[in-house]
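A.B. asks: So here's protein00.txt, just compact mmCIF, C-alpha atoms:
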```txt
# COMPACT_ATOMS: atom_id res chain seq x y z
CA MET A 30 45.36 -13.71 33.27
CA SER A 31 44.98 -13.55 29.53
CA ILE A 32 47.24 -13.02 26.55
CA GLU A 33 45.83 -11.03 23.67
CA PRO A 34 46.09 -12.49 20.14
CA ILE A 35 47.88 -9.41 18.76
CA VAL A 36 51.44 -9.98 17.52
CA GLY A 37 53.82 -7.11 16.72
CA ARG A 38 56.81 -7.15 14.36
CA TYR A 39 59.08 -4.74 12.51
CA LEU A 40 59.27 -4.25 8.79
CA ASN A 41 62.34 -2.72 7.13
CA LEU A 42 61.61 -1.14 3.78
CA GLU A 43 62.62 1.71 1.53
CA VAL A 44 60.11 4.33 0.45
CA GLY A 45 60.97 7.36 -1.66
CA GLY A 46 64.68 6.80 -1.14
CA ASP A 47 64.37 6.69 2.65
CA LYS A 48 64.93 3.59 4.73
CA HIS A 49 62.18 2.97 7.25
CA ARG A 50 61.76 0.70 10.24
CA ILE A 51 58.01 0.24 10.51
CA TYR A 52 56.19 -1.38 13.38
CA PHE A 53 53.07 -3.36 12.60
CA GLU A 54 50.69 -5.56 14.53
CA GLU A 55 48.40 -8.26 13.29
CA ALA A 56 45.86 -10.81 14.39
CA GLY A 57 43.55 -13.29 12.71
CA SER A 58 43.48 -14.90 9.32
CA GLY A 59 41.50 -14.44 6.15
CA LEU A 60 40.92 -11.43 3.93
CA PRO A 61 43.54 -8.74 4.70
CA LEU A 62 42.17 -5.73 6.58
CA LEU A 63 44.78 -2.99 6.66
CA CYS A 64 44.02 -0.40 9.36
CA LEU A 65 45.27 3.20 9.40
CA HIS A 66 45.47 5.16 12.63
CA THR A 67 44.52 8.80 13.18
CA ALA A 68 46.77 11.87 13.18
CA GLY A 69 49.30 11.92 16.00
CA ALA A 70 48.36 8.44 17.20
CA ASP A 71 49.40 4.87 16.42
CA SER A 72 48.18 1.35 15.74
CA ARG A 73 47.13 0.76 19.34
CA GLN A 74 43.85 2.44 18.43
CA TYR A 75 42.87 -0.82 16.68
CA ARG A 76 43.48 -3.15 19.61
CA HIS A 77 39.80 -3.92 20.03
CA VAL A 78 39.33 -4.70 16.33
CA MET A 79 42.34 -7.04 16.50
CA SER A 80 40.97 -8.78 19.58
CA ASP A 81 37.45 -9.35 18.26
CA PRO A 82 36.95 -12.98 17.20
CA ALA A 83 33.97 -11.97 15.06
CA ILE A 84 36.49 -10.13 12.89
CA THR A 85 39.72 -12.09 13.29
CA SER A 86 37.98 -15.36 12.43
CA ARG A 87 37.58 -14.09 8.88
CA TYR A 88 40.06 -11.26 8.51
CA ARG A 89 43.80 -10.95 8.83
CA VAL A 90 43.81 -7.59 10.61
CA ILE A 91 46.99 -5.53 10.23
CA ALA A 92 47.71 -2.11 11.68
CA PHE A 93 51.01 -0.28 11.30
CA ASP A 94 52.51 2.81 12.84
CA MET A 95 53.31 5.52 10.33
CA PRO A 96 56.92 6.82 10.43
CA TYR A 97 57.42 9.13 13.46
CA HIS A 98 54.48 7.44 15.22
CA GLY A 99 54.27 4.82 17.93
CA ARG A 100 57.13 2.35 17.55
CA SER A 101 58.07 3.29 13.97
CA ASN A 102 61.21 5.36 13.72
CA PRO A 103 61.50 8.56 11.75
CA PRO A 104 63.73 8.07 8.69
CA GLU A 105 67.46 8.76 8.86
CA GLY A 106 68.17 12.50 8.95
CA TRP A 107 64.82 13.35 10.51
CA TRP A 108 66.43 16.04 12.62
CA LEU A 109 67.09 18.09 9.48
CA THR A 110 63.51 17.89 8.24
CA LYS A 111 60.35 19.58 9.50
CA TYR A 112 57.76 16.82 9.62
CA ARG A 113 54.94 17.59 7.23
CA LEU A 114 52.89 14.67 5.97
CA THR A 115 51.70 15.03 2.37
CA THR A 116 49.09 13.14 0.42
CA ALA A 117 51.78 11.70 -1.87
CA ASP A 118 54.05 10.53 0.99
CA TYR A 119 51.14 9.05 2.91
CA LEU A 120 49.88 7.16 -0.12
CA ALA A 121 53.38 5.87 -0.91
CA MET A 122 53.87 4.53 2.62
CA ILE A 123 50.54 2.68 2.65
CA ARG A 124 51.28 1.19 -0.74
CA ALA A 125 54.77 0.12 0.37
CA VAL A 126 53.48 -1.65 3.49
CA TRP A 127 50.67 -3.24 1.52
CA GLN A 128 53.14 -4.62 -1.06
CA ALA A 129 55.81 -5.60 1.46
CA LEU A 130 53.28 -7.74 3.34
CA SER A 131 51.93 -9.18 0.06
CA LEU A 132 48.35 -8.28 0.89
CA GLU A 133 46.11 -9.51 -1.89
CA ARG A 134 43.00 -7.44 -2.59
CA PRO A 135 42.84 -6.03 0.92
CA VAL A 136 40.18 -3.97 2.58
CA VAL A 137 41.78 -0.73 3.77
CA MET A 138 40.17 0.93 6.78
CA GLY A 139 41.29 4.29 8.15
CA CYS A 140 40.03 6.85 10.62
CA SER A 141 40.20 10.65 10.44
CA MET A 142 43.32 11.38 8.38
CA GLY A 143 43.26 7.64 7.68
CA GLY A 144 39.63 8.03 6.68
CA ALA A 145 40.70 10.73 4.26
CA ILE A 146 43.59 8.84 2.70
CA VAL A 147 41.55 5.67 2.15
CA LEU A 148 39.61 7.72 -0.39
CA ALA A 149 42.88 8.48 -2.21
CA VAL A 150 43.90 4.82 -1.90
CA ALA A 151 40.64 3.86 -3.61
CA VAL A 152 41.10 6.44 -6.37
CA GLU A 153 44.63 5.19 -7.13
CA TYR A 154 44.31 1.44 -6.61
CA GLN A 155 40.65 0.50 -6.82
CA ARG A 156 41.32 -2.43 -9.17
CA GLU A 157 43.54 -4.02 -6.51
CA LEU A 158 41.24 -3.52 -3.54
CA ARG A 159 38.29 -5.39 -2.14
CA GLY A 160 37.08 -2.17 -0.61
CA ILE A 161 37.65 0.68 1.79
CA VAL A 162 36.07 1.48 5.14
CA GLY A 163 36.27 5.18 5.85
CA LEU A 164 35.82 6.16 9.47
CA GLU A 165 35.18 9.88 9.84
CA SER A 166 36.00 10.40 6.16
CA SER A 167 36.10 13.82 4.58
CA ALA A 168 37.22 14.90 1.13
CA PHE A 169 38.30 18.30 2.44
CA ALA A 170 38.79 19.30 6.07
CA PRO A 171 40.08 22.85 6.53
CA GLY A 172 40.32 24.59 9.90
CA ARG A 173 42.12 22.06 12.05
CA TYR A 174 45.70 23.32 11.75
CA ASN A 175 46.99 25.79 14.32
CA GLU A 176 50.47 26.86 15.38
CA PHE A 177 49.86 26.03 19.06
CA LEU A 178 50.06 22.32 18.23
CA HIS A 179 53.83 22.72 18.19
CA HIS A 180 54.82 25.74 20.25
CA PRO A 181 57.64 26.14 22.78
CA ALA A 182 55.34 27.69 25.40
CA ILE A 183 52.71 24.95 25.22
CA HIS A 184 52.85 21.30 26.22
CA GLY A 185 52.03 19.80 22.84
CA GLY A 186 51.32 16.36 24.25
CA GLU A 187 48.73 17.66 26.68
CA LEU A 188 47.14 20.03 24.18
CA GLY A 189 46.88 17.38 21.46
CA ALA A 190 45.55 14.81 23.89
CA THR A 191 43.03 17.20 25.40
CA TYR A 192 41.88 18.48 22.03
CA THR A 193 41.31 14.95 20.77
CA TYR A 194 39.66 13.90 24.04
CA ALA A 195 37.13 16.61 23.24
CA LEU A 196 36.46 14.91 19.89
CA CYS A 197 34.94 11.92 21.66
CA ALA A 198 31.20 11.74 22.22
CA PRO A 199 29.85 12.50 25.72
CA GLN A 200 28.23 9.03 25.75
CA SER A 201 31.51 7.14 25.24
CA PRO A 202 32.96 5.23 28.21
CA GLU A 203 35.28 7.34 30.30
CA SER A 204 38.02 4.73 30.47
CA SER A 205 38.13 4.44 26.68
CA THR A 206 38.24 8.16 25.96
CA ARG A 207 40.97 8.49 28.60
CA GLU A 208 42.90 5.70 26.92
CA ASN A 209 42.82 7.66 23.68
CA TRP A 210 44.01 10.73 25.64
CA TRP A 211 46.95 8.71 26.91
CA LEU A 212 47.91 7.47 23.44
CA TYR A 213 47.78 11.00 22.09
CA SER A 214 49.90 12.41 24.89
CA GLN A 215 52.79 10.26 23.67
CA ALA A 216 53.19 11.76 20.20
CA GLY A 217 56.61 13.16 19.33
CA PRO A 218 57.02 16.94 19.19
CA GLY A 219 55.39 18.36 16.08
CA VAL A 220 54.07 15.02 14.83
CA TYR A 221 50.41 15.79 15.42
CA ALA A 222 50.90 19.18 13.79
CA GLY A 223 52.65 17.55 10.83
CA ASP A 224 49.77 15.12 10.38
CA VAL A 225 47.17 17.84 10.67
CA TYR A 226 49.10 19.65 7.94
CA PHE A 227 48.12 16.77 5.64
CA TYR A 228 44.60 16.48 6.95
CA SER A 229 43.67 20.11 7.01
CA LEU A 230 45.93 21.81 4.44
CA ASP A 231 47.32 19.36 1.88
CA TRP A 232 44.43 16.95 1.45
CA ASP A 233 41.69 17.82 -1.03
CA GLY A 234 39.95 14.91 -2.69
CA ARG A 235 36.85 16.74 -3.83
CA LYS A 236 37.71 16.55 -7.52
CA THR A 237 38.97 12.97 -7.56
CA ILE A 238 36.81 10.81 -5.32
CA GLY A 239 34.09 10.70 -7.96
CA GLN A 240 36.45 8.39 -9.89
CA ILE A 241 35.90 5.61 -7.36
CA ASP A 242 33.91 2.84 -8.96
CA THR A 243 32.12 0.90 -6.24
CA ARG A 244 31.59 -1.99 -8.65
CA GLN A 245 35.35 -2.54 -8.37
CA CYS A 246 36.03 -1.25 -4.88
CA LYS A 247 33.34 -1.28 -2.23
CA VAL A 248 33.02 1.82 -0.08
CA SER A 249 31.60 2.00 3.43
CA LEU A 250 31.59 5.32 5.27
CA LEU A 251 30.90 5.55 9.02
CA THR A 252 30.91 8.83 10.91
CA GLY A 253 30.05 9.69 14.49
CA GLU A 254 27.19 12.04 15.27
CA TYR A 255 29.38 14.04 17.67
CA ASP A 256 32.38 14.39 15.38
CA TYR A 257 33.03 18.09 14.97
CA SER A 258 36.26 17.63 13.01
CA CYS A 259 34.67 15.56 10.27
CA THR A 260 31.01 16.31 10.74
CA PRO A 261 28.29 13.97 9.49
CA GLU A 262 27.53 16.54 6.81
CA MET A 263 31.11 16.34 5.52
CA THR A 264 30.84 12.56 5.14
CA ARG A 265 27.41 12.90 3.52
CA GLN A 266 29.13 15.01 0.88
CA VAL A 267 31.70 12.24 0.34
CA ALA A 268 28.93 9.66 0.01
CA ALA A 269 27.07 11.84 -2.46
CA SER A 270 30.21 11.98 -4.62
CA ILE A 271 30.64 8.19 -4.73
CA PRO A 272 27.60 6.43 -6.23
CA GLY A 273 27.04 3.05 -4.63
CA SER A 274 28.83 3.90 -1.40
CA ARG A 275 27.26 2.97 1.92
CA LEU A 276 26.86 5.62 4.62
CA VAL A 277 26.26 5.13 8.33
CA ILE A 278 25.95 8.04 10.76
CA MET A 279 26.60 6.58 14.20
CA PRO A 280 24.46 8.10 17.00
CA GLY A 281 26.28 8.86 20.23
CA MET A 282 29.70 8.41 18.64
CA GLY A 283 32.61 10.79 18.21
CA HIS A 284 35.74 10.96 16.08
CA PHE A 285 37.51 7.79 17.28
CA PRO A 286 34.93 4.98 17.17
CA MET A 287 37.38 2.06 17.26
CA ILE A 288 38.97 3.22 20.50
CA GLU A 289 36.49 5.57 22.22
CA ASN A 290 33.52 3.20 22.26
CA TYR A 291 34.27 -0.16 20.64
CA ARG A 292 31.28 -1.89 22.21
CA ASP A 293 28.84 0.30 20.32
CA PHE A 294 31.05 0.73 17.26
CA ARG A 295 31.28 -2.96 16.45
CA ALA A 296 27.52 -3.07 15.90
CA PHE A 297 28.05 -0.59 13.07
CA LEU A 298 31.33 -2.06 11.81
CA LEU A 299 30.47 -5.75 11.59
CA PRO A 300 27.78 -5.36 8.90
CA GLU A 301 30.18 -3.32 6.80
CA LEU A 302 32.91 -5.95 7.11
CA GLU A 303 30.31 -8.57 6.22
CA TYR A 304 29.48 -6.50 3.14
CA MET A 305 33.17 -6.40 2.21
CA LEU A 306 33.42 -10.19 2.47
CA ASP A 307 30.46 -10.77 0.20
CA ASP A 308 32.00 -11.56 -3.17
CA HIS A 309 28.72 -12.10 -4.95
CA GLY A 310 29.01 -11.32 -8.63
CA ARG A 311 32.74 -10.54 -8.55
CA MET B 24 23.02 33.25 33.63
CA PHE B 25 25.94 33.57 36.08
CA SER B 26 24.09 34.37 39.31
CA LEU B 27 25.72 34.54 42.74
CA GLU B 28 23.91 31.35 43.65
CA TRP B 29 25.29 29.62 40.54
CA LEU B 30 28.80 30.87 41.22
CA THR B 31 28.62 29.46 44.73
CA ARG B 32 27.51 26.05 43.42
CA LEU B 33 30.20 26.19 40.76
CA GLN B 34 32.90 26.93 43.32
CA THR B 35 31.84 24.01 45.51
CA THR B 36 31.63 21.59 42.59
CA LEU B 37 34.94 22.59 41.04
CA ASN B 38 36.78 22.43 44.33
CA ASP B 39 35.34 18.98 45.03
CA ASP B 40 36.65 17.64 41.72
CA PRO B 41 39.42 15.13 42.42
CA GLU B 42 40.91 15.42 38.95
CA LEU B 43 41.55 19.14 39.22
CA GLY B 44 43.28 18.35 42.48
CA VAL B 45 45.64 16.08 40.55
CA ILE B 46 46.30 18.14 37.43
CA GLY B 47 45.81 21.68 38.74
CA ASP B 48 49.18 22.46 40.29
CA TRP B 49 49.95 25.06 37.62
CA PHE B 50 46.39 26.20 37.05
CA THR B 51 46.72 29.66 38.55
CA VAL B 52 44.86 32.08 36.33
CA ALA B 53 41.87 34.39 36.13
CA MET B 54 39.34 33.82 33.36
CA SER B 55 36.00 35.30 32.48
CA LEU B 56 32.63 34.00 31.34
CA SER B 57 30.42 36.40 29.40
CA SER B 58 26.87 36.17 28.18
CA ASP B 59 25.19 39.08 26.44
CA HIS B 60 25.49 41.86 29.08
CA GLU B 61 26.60 39.58 31.93
CA ARG B 62 30.21 38.89 32.84
CA CYS B 63 31.94 37.16 35.73
CA VAL B 64 35.54 36.36 36.54
CA LEU B 65 36.79 33.10 38.03
CA ARG B 66 40.13 33.23 39.80
CA PHE B 67 41.94 29.92 40.18
CA GLU B 68 44.97 29.20 42.33
CA ARG B 69 46.72 25.86 41.95
CA GLY B 70 43.60 24.25 40.55
CA ARG B 71 41.18 25.61 43.14
CA LEU B 72 38.56 28.23 42.40
CA VAL B 73 39.45 30.71 45.14
CA GLN B 74 37.36 33.70 44.09
CA THR B 75 34.37 34.46 41.91
CA ILE B 76 33.61 38.04 40.90
CA SER B 77 30.16 38.58 39.51
CA THR B 78 30.54 42.20 38.40
CA PRO B 79 34.23 42.63 37.57
CA ARG B 80 35.55 46.15 37.05
CA LEU B 81 38.68 47.34 35.26
CA ASP B 82 40.80 46.58 38.30
CA THR B 83 40.03 42.85 37.99
CA PRO B 84 42.87 41.34 35.93
CA CYS B 85 41.82 38.54 33.64
CA ALA B 86 43.92 36.62 31.12
CA PHE B 87 41.22 35.21 28.85
CA GLY B 88 37.58 34.27 28.77
CA PHE B 89 34.72 32.63 26.93
CA ARG B 90 31.97 34.78 25.45
CA ALA B 91 28.69 33.55 23.99
CA SER B 92 25.02 34.42 23.82
CA ALA B 93 22.67 33.08 26.50
CA ASP B 94 21.20 30.72 23.91
CA ILE B 95 24.60 29.20 23.12
CA TRP B 96 25.39 28.82 26.83
CA ARG B 97 22.03 27.11 27.39
CA ARG B 98 22.79 24.62 24.64
CA PHE B 99 26.20 23.98 26.18
CA PHE B 100 24.60 23.24 29.56
CA ALA B 101 21.95 20.92 28.09
CA ASP B 102 22.07 17.30 29.22
CA PRO B 103 22.81 15.56 26.99
CA PRO B 104 24.30 18.32 24.89
CA GLU B 105 23.59 18.34 21.19
CA PRO B 106 26.51 17.70 18.80
CA LEU B 107 28.84 20.68 18.26
CA TYR B 108 27.72 22.19 21.60
CA HIS B 109 29.09 19.39 23.76
CA ASP B 110 32.57 20.72 24.37
CA ILE B 111 34.45 24.02 24.35
CA PHE B 112 36.77 22.85 21.56
CA ALA B 113 33.81 21.76 19.44
CA MET B 114 32.16 25.14 19.91
CA LEU B 115 35.38 27.05 19.23
CA MET B 116 35.60 25.30 15.88
CA ARG B 117 31.97 25.04 14.82
CA VAL B 118 29.90 27.63 16.75
CA PRO B 119 30.88 31.09 15.50
CA GLY B 120 29.16 32.84 18.42
CA PHE B 121 31.32 31.07 20.99
CA VAL B 122 34.52 33.08 21.32
CA LEU B 123 37.75 32.67 23.23
CA GLU B 124 38.81 36.23 23.97
CA GLY B 125 41.97 37.57 25.57
CA ASP B 126 45.31 35.81 25.59
CA THR B 127 44.69 32.53 23.79
CA LEU B 128 48.27 31.42 24.40
CA VAL B 129 47.69 31.47 28.16
CA ALA B 130 44.43 29.60 27.68
CA MET B 131 46.10 26.84 25.68
CA GLN B 132 49.01 26.61 28.12
CA HIS B 133 46.36 25.57 30.61
CA ALA B 134 44.47 23.42 28.08
CA ARG B 135 44.27 20.30 30.20
CA ALA B 136 43.11 21.88 33.46
CA LEU B 137 41.02 24.49 31.67
CA HIS B 138 39.24 21.79 29.69
CA ARG B 139 38.59 19.80 32.83
CA ALA B 140 37.25 22.89 34.61
CA MET B 141 34.89 23.62 31.74
CA ARG B 142 33.75 19.99 31.67
CA VAL B 143 32.88 20.20 35.35
CA LEU B 144 31.33 23.64 34.85
CA ARG B 145 29.03 22.16 32.17
CA THR B 146 27.47 19.95 34.84
CA VAL B 147 26.52 22.92 37.04
CA SER B 148 23.38 24.08 35.30
CA PRO B 149 22.43 27.74 35.71
CA SER B 150 19.11 28.19 37.48
```
Have the structure of the file written as structure tokens, please.

C.D. replies:
Amino acid sequence: MSIEPIVGRYLNLEVGGDKHRIYFEEAGSGLPLLCLHTAGADSRQYRHVMSDPAITSRYRVIAFDMPYHGRSNPPEGWWLTKYRLTTADYLAMIRAVWQALSLERPVVMGCSMGGAIVLAVAVEYQRELRGIVGLESSAFAPGRYNEFLHHPAIHGGELGATYTYALCAPQSPESSTRENWWLYSQAGPGVYAGDVYFYSLDWDGRKTIGQIDTRQCKVSLLTGEYDYSCTPEMTRQVAASIPGSRLVIMPGMGHFPMIENYRDFRAFLLPELEYMLDDHGR
Amino acid sequence: MFSLEWLTRLQTTLNDDPELGVIGDWFTVAMSLSSDHERCVLRFERGRLVQTISTPRLDTPCAFGFRASADIWRRFFADPPEPLYHDIFAMLMRVPGFVLEGDTLVAMQHARALHRAMRVLRTVSPS
């Protein structure tokens, strides 16, 4: 028998005139590490990061569920609104959680759509950040949206889960990729499609990410070799736009490193978190 | 590419797959595989591959199928597969020569079992 160190709580806050009940989990103490889940998923994707003493001994790791995801409710009146995540709404929610939890100069780490928005977070708030860790980060990711993600004749949970299962690398452990399948199968109707709307249609950081000054805000970018949603080439383009950023292409890894193959991923992640902790010259 | 001998091995392997036995209750559909001038049809009933047709004619109904060149199929069957050729969804997004033809709605209605079947199929290397 064992009890994991992860503790979950609810945060009530108002963002953009809407009242939200947001679920978040945390573990550890030290420099805040705010983790952002992928489209159509939730904070459970970071359970291995939050249970790794090599990280929690020096970081206060926090992961929250975006509205409509996991254990966070949609806002009041959700039934009269088609869920479509936008860059502005996403940024506002991250900022609100960050401020509500009084996180001082955090590192913000996100994967996929989270890996995209961390670039926007850095553009907007680089003076208040220690750094960002972008997992599967792209500045522009067209081609992912399709109407079958929310269609009355298709089981959206099974399609979303199966599609994302395919985004894992063939080398990743079966039990882990299946766990990600299971998490994905639980998304609310249209939520994955609404997130992909942000990721694939609304998000375009190509003209702004060059404003990130890595002397103020460190940038580490890690992308899996087998990621076909955000290909290594797409992250190379991000790295080329941000002088001073660090780039790691992870062999034998897919789109969900923190959940599909944590054993191998931590070997790539730990040096980047060490880099974030190093305050030399700041 | 899709020889009679390969179709026989494919049928045995697919029907031995325990997962398709669990998730295949609604997987009753005919689908095709095409490569250059070759084409075959696989007919599934409740998750079991009950018939393979190596030279289908116009009286062989078929809802959808995957079409690609022999080179693309060979890269799909490679072990380990190279990135972008490792999964049907990866190829549908990033390999222009890999095409889902026919009724894509039917294909995606069967996404889970279809994906599993294609994963198993990838392990049955053509001779």

A.B. asks: Residues of chain B no more than 7 Å from chain A, counting all atoms listed in the file: send them over as a PyMOL selection string.

C.D. replies: chain B and resi 106-107+110+112-113+131-132+134-135

A.B. asks: Between CA of Pro300 (chain A) and CA of Gly239 (chain A), what distance in Å does the model show, to one decimal?

C.D. replies: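 Those two atoms sit 24.1 Å apart.
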
A.B. asks: What lies within 9 Å of Thr237 (chain A) using all atoms listed in the file, ignoring chain neighbours under 2 positions off, as an NGL selection string?

C.D. replies: :A and (148-149 or 152 or 233-235 or 239-241)

A.B. asks: Could you dump the residues just selected with C-alpha atoms as a compact mmCIF listing (two decimals), in the coordinates of the input?

C.D. replies:
```txt
# COMPACT_ATOMS: atom_id res chain seq x y z
CA LEU A 148 39.61 7.72 -0.39
CA ALA A 149 42.88 8.48 -2.21
CA VAL A 152 41.10 6.44 -6.37
CA ASP A 233 41.69 17.82 -1.03
CA GLY A 234 39.95 14.91 -2.69
CA ARG A 235 36.85 16.74 -3.83
CA GLY A 239 34.09 10.70 -7.96
CA GLN A 240 36.45 8.39 -9.89
CA ILE A 241 35.90 5.61 -7.36
```

A.B. asks: Any idea what's packed within 7 Å of region 56-60 of chain A, counting only C-alpha atoms, ignoring anything in its chain fewer than 6 positions away? Could you give it as a ChimeraX atom specification?

C.D. replies: /A:34-36,79,85-91,135

A.B. asks: Counting only C-alpha atoms, which residue out of B:Ala93, B:Phe67, B:Ala53, B:Asp126 sits closest to Pro79 (chain B)?

C.D. replies: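 Counting only C-alpha atoms, the residue closest to Pro79 (chain B) is B:Ala53.
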
A.B. asks: Can you pull out every residue within 8 Å of region 33-44 of chain B, counting all atoms listed in the file, but drop anything in the same chain fewer than 4 positions away, and send it as a ChimeraX atom specification?

C.D. replies: /B:29,48,70-73,75,136,139-140,143-144,147

A.B. asks: In Å, with one decimal, what is the gap from CA of Asp307 (chain A) to CA of Arg159 (chain A)?

C.D. replies: 9.8 Å

A.B. asks: Around all of region 38-56 of chain B's listed atoms, make the axis-aligned box with 5 Å on each side and tell me centre and edge lengths in Å to one decimal, as JSON.

C.D. replies:
```
{"center_x": 41.3, "center_y": 25.2, "center_z": 38.2, "size_x": 27.3, "size_y": 30.2, "size_z": 23.7}
```

A.B. asks: Hey, can you check how far CA of Leu123 (chain B) sits from CA of Tyr228 (chain A)?

C.D. replies: 24.0 Å

A.B. asks: Residues within 9 Å of region 110-120 of chain A, please, as a PDB file with C-alpha atoms, in the coordinates of the input. Count only C-alpha atoms; anything in the same chain fewer than 3 positions from it doesn't count.

C.D. replies:
```pdb
ATOM      1  CA  VAL A  44      60.110   4.330   0.450  1.00  0.00           C
ATOM      2  CA  GLY A  45      60.970   7.360  -1.660  1.00  0.00           C
ATOM      3  CA  MET A  95      53.310   5.520  10.330  1.00  0.00           C
ATOM      4  CA  TYR A  97      57.420   9.130  13.460  1.00  0.00           C
ATOM      5  CA  GLY A 106      68.170  12.500   8.950  1.00  0.00           C
ATOM      6  CA  TRP A 107      64.820  13.350  10.510  1.00  0.00           C
ATOM      7  CA  ILE A 123      50.540   2.680   2.650  1.00  0.00           C
ATOM      8  CA  ARG A 124      51.280   1.190  -0.740  1.00  0.00           C
ATOM      9  CA  ALA A 125      54.770   0.120   0.370  1.00  0.00           C
ATOM     10  CA  ILE A 146      43.590   8.840   2.700  1.00  0.00           C
ATOM     11  CA  VAL A 147      41.550   5.670   2.150  1.00  0.00           C
ATOM     12  CA  ALA A 149      42.880   8.480  -2.210  1.00  0.00           C
ATOM     13  CA  VAL A 150      43.900   4.820  -1.900  1.00  0.00           C
ATOM     14  CA  GLU A 153      44.630   5.190  -7.130  1.00  0.00           C
ATOM     15  CA  GLY A 219      55.390  18.360  16.080  1.00  0.00           C
ATOM     16  CA  VAL A 220      54.070  15.020  14.830  1.00  0.00           C
ATOM     17  CA  ALA A 222      50.900  19.180  13.790  1.00  0.00           C
ATOM     18  CA  GLY A 223      52.650  17.550  10.830  1.00  0.00           C
ATOM     19  CA  ASP A 224      49.770  15.120  10.380  1.00  0.00           C
ATOM     20  CA  VAL A 225      47.170  17.840  10.670  1.00  0.00           C
ATOM     21  CA  TYR A 226      49.100  19.650   7.940  1.00  0.00           C
ATOM     22  CA  PHE A 227      48.120  16.770   5.640  1.00  0.00           C
ATOM     23  CA  TYR A 228      44.600  16.480   6.950  1.00  0.00           C
ATOM     24  CA  ASP A 231      47.320  19.360   1.880  1.00  0.00           C
ATOM     25  CA  TRP A 232      44.430  16.950   1.450  1.00  0.00           C
ATOM     26  CA  ASP A 233      41.690  17.820  -1.030  1.00  0.00           C
TER      27      ASP A 233
END
```

A.B. asks: With distances taken over all atoms listed in the file, which of B:Tyr108, B:Phe99, B:Phe50, B:Phe121 is nearest to Leu65 (chain B)?

C.D. replies: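 Of the candidates, the smallest distance to Leu65 (chain B) is held by B:Phe50.
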
A.B. asks: Would you mind listing what lies within 12 Å of Arg292 (chain A) as JSON, numbers by chain, with only C-alpha atoms counted and same-chain residues fewer than 6 positions away left out?

C.D. replies: {"A": [77, 78, 81, 200, 201, 202, 205, 282, 286, 298, 299]}

A.B. asks: Will you model N, CA and C atoms for region 39-52 of chain B and pass it back as a PDB file, in the coordinates of the input?

C.D. replies:
```pdb
ATOM      1  N   ASP B  39      35.516  20.381  44.619  1.00  0.00           N
ATOM      2  CA  ASP B  39      35.340  18.980  45.030  1.00  0.00           C
ATOM      3  C   ASP B  39      35.837  18.007  43.964  1.00  0.00           C
ATOM      4  N   ASP B  40      36.264  18.534  42.823  1.00  0.00           N
ATOM      5  CA  ASP B  40      36.650  17.640  41.720  1.00  0.00           C
ATOM      6  C   ASP B  40      38.038  17.042  41.980  1.00  0.00           C
ATOM      7  N   PRO B  41      38.111  15.734  42.102  1.00  0.00           N
ATOM      8  CA  PRO B  41      39.420  15.130  42.420  1.00  0.00           C
ATOM      9  C   PRO B  41      40.430  15.286  41.291  1.00  0.00           C
ATOM     10  N   GLU B  42      39.952  15.327  40.061  1.00  0.00           N
ATOM     11  CA  GLU B  42      40.910  15.420  38.950  1.00  0.00           C
ATOM     12  C   GLU B  42      41.626  16.766  38.942  1.00  0.00           C
ATOM     13  N   LEU B  43      40.891  17.835  39.169  1.00  0.00           N
ATOM     14  CA  LEU B  43      41.550  19.140  39.220  1.00  0.00           C
ATOM     15  C   LEU B  43      42.583  19.187  40.347  1.00  0.00           C
ATOM     16  N   GLY B  44      42.309  18.433  41.397  1.00  0.00           N
ATOM     17  CA  GLY B  44      43.280  18.350  42.480  1.00  0.00           C
ATOM     18  C   GLY B  44      44.571  17.673  42.040  1.00  0.00           C
ATOM     19  N   VAL B  45      44.465  16.790  41.046  1.00  0.00           N
ATOM     20  CA  VAL B  45      45.640  16.080  40.550  1.00  0.00           C
ATOM     21  C   VAL B  45      46.399  16.888  39.500  1.00  0.00           C
ATOM     22  N   ILE B  46      45.658  17.504  38.586  1.00  0.00           N
ATOM     23  CA  ILE B  46      46.300  18.140  37.430  1.00  0.00           C
ATOM     24  C   ILE B  46      46.427  19.658  37.571  1.00  0.00           C
ATOM     25  N   GLY B  47      45.939  20.220  38.670  1.00  0.00           N
ATOM     26  CA  GLY B  47      45.810  21.680  38.740  1.00  0.00           C
ATOM     27  C   GLY B  47      46.967  22.440  39.348  1.00  0.00           C
ATOM     28  N   ASP B  48      48.090  21.788  39.584  1.00  0.00           N
ATOM     29  CA  ASP B  48      49.180  22.460  40.290  1.00  0.00           C
ATOM     30  C   ASP B  48      49.596  23.794  39.654  1.00  0.00           C
ATOM     31  N   TRP B  49      49.520  23.847  38.318  1.00  0.00           N
ATOM     32  CA  TRP B  49      49.950  25.060  37.620  1.00  0.00           C
ATOM     33  C   TRP B  49      48.769  25.894  37.129  1.00  0.00           C
ATOM     34  N   PHE B  50      47.579  25.500  37.524  1.00  0.00           N
ATOM     35  CA  PHE B  50      46.390  26.200  37.050  1.00  0.00           C
ATOM     36  C   PHE B  50      46.092  27.375  37.968  1.00  0.00           C
ATOM     37  N   THR B  51      46.885  28.422  37.795  1.00  0.00           N
ATOM     38  CA  THR B  51      46.720  29.660  38.550  1.00  0.00           C
ATOM     39  C   THR B  51      46.476  30.767  37.533  1.00  0.00           C
ATOM     40  N   VAL B  52      45.230  31.162  37.410  1.00  0.00           N
ATOM     41  CA  VAL B  52      44.860  32.080  36.330  1.00  0.00           C
ATOM     42  C   VAL B  52      43.476  32.654  36.629  1.00  0.00           C
TER      43      VAL B  52
END
```
